[in-house]
Amino acid sequence: MWAGSTTQWSLGQLPMPQLKATPASALADEPVHIRATGLPPMQLVTLTASLKDERGNLFRSKAFYKANEAGELDLQEAPSLGESAMVQPSASQVVQRWFRCPGTQRVQIWEGRLRGALFLPPGEGPFPGIIDLFGGVGGLVEFRASLLATHGFAVLALAYFAYEDLPQLLREVDLEYFEEAANLLLAHPKIQGPGIGVMSVSKGAEIGLAMACFLKQVVATVCINGANAIFDFPLKYRDLVMSPIQSFMERMETDVSGAVRLFHYRGDPRDKANRQSVLPIEKAQGQILFIIGENDQSINSREYAKQALEQLKSHGRSNGRMLVYPGAGHLIEPPYAPLCYASRNNAGSLILLWGGDPVAHAAAQEHAWGEIQMFFRQHLTQTRSQL
């Protein structure tokens, strides 16, 4: 089923081993405790995991451990080793990971030119409303929205290109499209007003910050590794047109893996010639949280967030803050999602480098997810109580 996935854990060959994962069925952002018993004392063990997604793609991983003197292995306590092990015979455990809880409602959005999917938590509501935006991958990405809905938020996963009858390629950002989405969300009887939140990453974070600057409906915005200015395509809103800052193909770098590093590719928002392309963050009425991966290899996200906060401060504003995660890469996702170090862009021609150390990135995802939920709860529910 699309709403969840099944993972097969196996332990390489032992006489009478037992492998237990608790809980065996859990939300994708909940920790699973894995423990093995019946192993030879101090035995080296190979633990493998396999997952088949809804498209039939098979993913596999493995890690190496050592059992304790009692022949037990507890992944909450045992460090991962860098050496392989052969242990006989095998034990296995099926674990189900869900992105949606029972009672969550998915509503397909095909309203005027808007395309997306609205996830409503169980119950009558009203619920805090959030628009969820991804970046250059395009299409309709739903997993994060459905997972947030399990925590009491009504979330609209919004497509804005490369989906159904939307433009296949992104050539400009029409902010009125996103304003229509905000109005649609606020008009829903189960949405708690008077404002909404925006959850955004990468190119979506650039759009999310623009929404915070120009749309009064937006009162809380999370920008994960985004820019503080307009890049790549013009942004239009009513009579306003903001031209993109120039990028430089010659600054693209190729990693040893063959992936393209875009970190130095874009022009500097601080240059005098680029000032008209910098988003007027001082106009934002709501709260803004910048989530930054310090090992982001795609854009200079920490510098962009720093510039945005300095811009706020210069106008006497204090409605923004930044969380920086050392070792984390560009694509910070919900907890326990694997690190995506590099992948193809939407056009499929280039493999782009996102960066991230696996251990540090995993820790960042776990911490940031809790911070994001606290941020939205504080500023979406507090706004209503103040009226």
# chains A, B, ... in the order shown; residues from 1 in each chain; ligands from 1

call {"tool": "residues_around", "arguments": {"residues": "Ala182 in chain A", "least_positions_apart": "3", "cutoff": "8 Å", "atoms": "only C-alpha atoms", "output": "list in words"}}
result
Ile131, Phe178, Glu179, Leu185, Leu186, Ile196, Gln217 and Val218 of chain A

call {"tool": "select_by_dssp", "arguments": {"residues": "range 190-316 of chain A", "states": "helix (DSSP H, G or I)", "output": "VMD selection string"}}
result
chain A and resid 203 to 214 249 to 251 272 to 277 281 to 283 301 to 314

call {"tool": "select_by_dssp", "arguments": {"residues": "range 16-77 of chain A", "states": "strand (DSSP E)", "output": "PyMOL selection string"}}
result
chain A and resi 18-22+25-27+33-37+44-52+58-66+73-74

call {"tool": "closest_residue", "arguments": {"among": "A:Ala28, A:Leu44, A:Ala78, A:Ala342", "to": "Arg144 in chain A", "atoms": "only C-alpha atoms"}}
result
A:Ala28

call {"tool": "closest_residue", "arguments": {"among": "A:Lys66, A:Arg100, A:Arg344, A:Lys236", "to": "Gln43 in chain A", "atoms": "only C-alpha atoms"}}
result
A:Lys66

call {"tool": "atom_distance", "arguments": {"atom1": "CA of Leu309 in chain A", "atom2": "CA of Glu172 in chain A"}}
result
25.9 Å

call {"tool": "atom_distance", "arguments": {"atom1": "CA of Phe375 in chain A", "atom2": "CA of Val155 in chain A"}}
result
15.0 Å

call {"tool": "decode", "arguments": {"residues": "range 180-226 of chain A", "atoms": "N, CA and C atoms", "output": "short mmCIF file (atom, residue, chain, number, x, y, z; two decimals), in the first residue's frame"}}
result
data_model
loop_
_atom_site.label_atom_id
_atom_site.label_comp_id
_atom_site.auth_asym_id
_atom_site.auth_seq_id
_atom_site.Cartn_x
_atom_site.Cartn_y
_atom_site.Cartn_z
N GLU A 180 -3.80 31.45 -3.82
CA GLU A 180 -5.06 30.72 -4.02
C GLU A 180 -5.09 29.47 -3.14
N ALA A 181 -3.94 28.80 -3.02
CA ALA A 181 -3.87 27.60 -2.18
C ALA A 181 -4.09 27.97 -0.71
N ALA A 182 -3.51 29.08 -0.28
CA ALA A 182 -3.70 29.52 1.11
C ALA A 182 -5.16 29.85 1.38
N ASN A 183 -5.81 30.52 0.44
CA ASN A 183 -7.22 30.87 0.61
C ASN A 183 -8.11 29.62 0.61
N LEU A 184 -7.77 28.66 -0.25
CA LEU A 184 -8.53 27.41 -0.29
C LEU A 184 -8.44 26.69 1.05
N LEU A 185 -7.25 26.65 1.61
CA LEU A 185 -7.05 25.97 2.89
C LEU A 185 -7.84 26.67 3.99
N LEU A 186 -7.77 28.00 4.05
CA LEU A 186 -8.46 28.74 5.11
C LEU A 186 -9.97 28.68 4.97
N ALA A 187 -10.46 28.43 3.75
CA ALA A 187 -11.91 28.35 3.54
C ALA A 187 -12.48 27.00 3.94
N HIS A 188 -11.61 26.02 4.20
CA HIS A 188 -12.08 24.68 4.55
C HIS A 188 -12.65 24.70 5.97
N PRO A 189 -13.80 24.08 6.20
CA PRO A 189 -14.43 24.13 7.53
C PRO A 189 -13.61 23.48 8.64
N LYS A 190 -12.68 22.59 8.30
CA LYS A 190 -11.88 21.93 9.33
C LYS A 190 -10.54 22.61 9.58
N ILE A 191 -10.30 23.75 8.94
CA ILE A 191 -9.04 24.46 9.12
C ILE A 191 -9.21 25.58 10.13
N GLN A 192 -8.31 25.63 11.08
CA GLN A 192 -8.31 26.65 12.12
C GLN A 192 -7.59 27.90 11.62
N GLY A 193 -8.30 29.02 11.54
CA GLY A 193 -7.70 30.28 11.14
C GLY A 193 -7.10 31.00 12.34
N PRO A 194 -6.68 32.26 12.14
CA PRO A 194 -6.86 33.03 10.92
C PRO A 194 -5.74 32.90 9.92
N GLY A 195 -4.64 32.21 10.27
CA GLY A 195 -3.52 32.08 9.36
C GLY A 195 -3.09 30.64 9.19
N ILE A 196 -2.18 30.43 8.25
CA ILE A 196 -1.67 29.09 7.97
C ILE A 196 -0.15 29.07 8.09
N GLY A 197 0.39 27.87 8.09
CA GLY A 197 1.83 27.68 8.06
C GLY A 197 2.28 27.20 6.70
N VAL A 198 3.58 27.31 6.45
CA VAL A 198 4.20 26.80 5.22
C VAL A 198 5.40 25.96 5.62
N MET A 199 5.44 24.73 5.12
CA MET A 199 6.58 23.83 5.31
C MET A 199 7.27 23.70 3.95
N SER A 200 8.57 23.98 3.88
CA SER A 200 9.19 24.08 2.56
C SER A 200 10.65 23.68 2.60
N VAL A 201 11.13 23.17 1.45
CA VAL A 201 12.51 22.73 1.34
C VAL A 201 13.04 23.09 -0.05
N SER A 202 14.34 23.46 -0.10
CA SER A 202 15.04 23.71 -1.36
C SER A 202 14.37 24.83 -2.16
N LYS A 203 14.04 24.60 -3.42
CA LYS A 203 13.35 25.62 -4.21
C LYS A 203 12.01 25.97 -3.56
N GLY A 204 11.36 24.99 -2.97
CA GLY A 204 10.12 25.24 -2.24
C GLY A 204 10.32 26.20 -1.09
N ALA A 205 11.53 26.19 -0.46
CA ALA A 205 11.81 27.11 0.64
C ALA A 205 11.97 28.54 0.15
N GLU A 206 12.50 28.70 -1.04
CA GLU A 206 12.55 30.03 -1.65
C GLU A 206 11.14 30.57 -1.86
N ILE A 207 10.26 29.71 -2.36
CA ILE A 207 8.85 30.10 -2.56
C ILE A 207 8.17 30.32 -1.21
N GLY A 208 8.47 29.45 -0.25
CA GLY A 208 7.89 29.60 1.08
C GLY A 208 8.25 30.92 1.73
N LEU A 209 9.51 31.34 1.56
CA LEU A 209 9.93 32.62 2.13
C LEU A 209 9.23 33.77 1.41
N ALA A 210 9.04 33.65 0.10
CA ALA A 210 8.30 34.67 -0.65
C ALA A 210 6.86 34.76 -0.16
N MET A 211 6.25 33.61 0.14
CA MET A 211 4.90 33.61 0.68
C MET A 211 4.85 34.34 2.02
N ALA A 212 5.87 34.09 2.86
CA ALA A 212 5.92 34.76 4.15
C ALA A 212 6.03 36.28 3.99
N CYS A 213 6.75 36.71 2.94
CA CYS A 213 6.97 38.14 2.71
C CYS A 213 5.73 38.85 2.17
N PHE A 214 4.98 38.18 1.31
CA PHE A 214 3.93 38.87 0.55
C PHE A 214 2.50 38.49 0.91
N LEU A 215 2.30 37.32 1.54
CA LEU A 215 0.94 36.84 1.78
C LEU A 215 0.58 36.99 3.25
N LYS A 216 -0.44 37.76 3.54
CA LYS A 216 -0.86 38.00 4.93
C LYS A 216 -1.43 36.75 5.57
N GLN A 217 -1.84 35.77 4.76
CA GLN A 217 -2.42 34.54 5.29
C GLN A 217 -1.37 33.67 5.99
N VAL A 218 -0.09 33.88 5.67
CA VAL A 218 0.99 33.03 6.18
C VAL A 218 1.52 33.61 7.48
N VAL A 219 1.41 32.84 8.57
CA VAL A 219 1.84 33.34 9.88
C VAL A 219 3.00 32.53 10.48
N ALA A 220 3.36 31.41 9.87
CA ALA A 220 4.47 30.59 10.36
C ALA A 220 5.08 29.84 9.19
N THR A 221 6.39 30.00 8.98
CA THR A 221 7.06 29.42 7.82
C THR A 221 8.32 28.69 8.23
N VAL A 222 8.45 27.45 7.77
CA VAL A 222 9.68 26.68 7.94
C VAL A 222 10.38 26.59 6.60
N CYS A 223 11.62 27.08 6.54
CA CYS A 223 12.42 27.04 5.32
C CYS A 223 13.62 26.11 5.55
N ILE A 224 13.62 24.97 4.88
CA ILE A 224 14.72 24.02 5.01
C ILE A 224 15.67 24.21 3.83
N ASN A 225 16.87 24.71 4.13
CA ASN A 225 17.92 24.86 3.13
C ASN A 225 17.43 25.55 1.86
N GLY A 226 16.96 26.77 2.03
CA GLY A 226 16.48 27.56 0.91
C GLY A 226 17.30 28.83 0.75
#
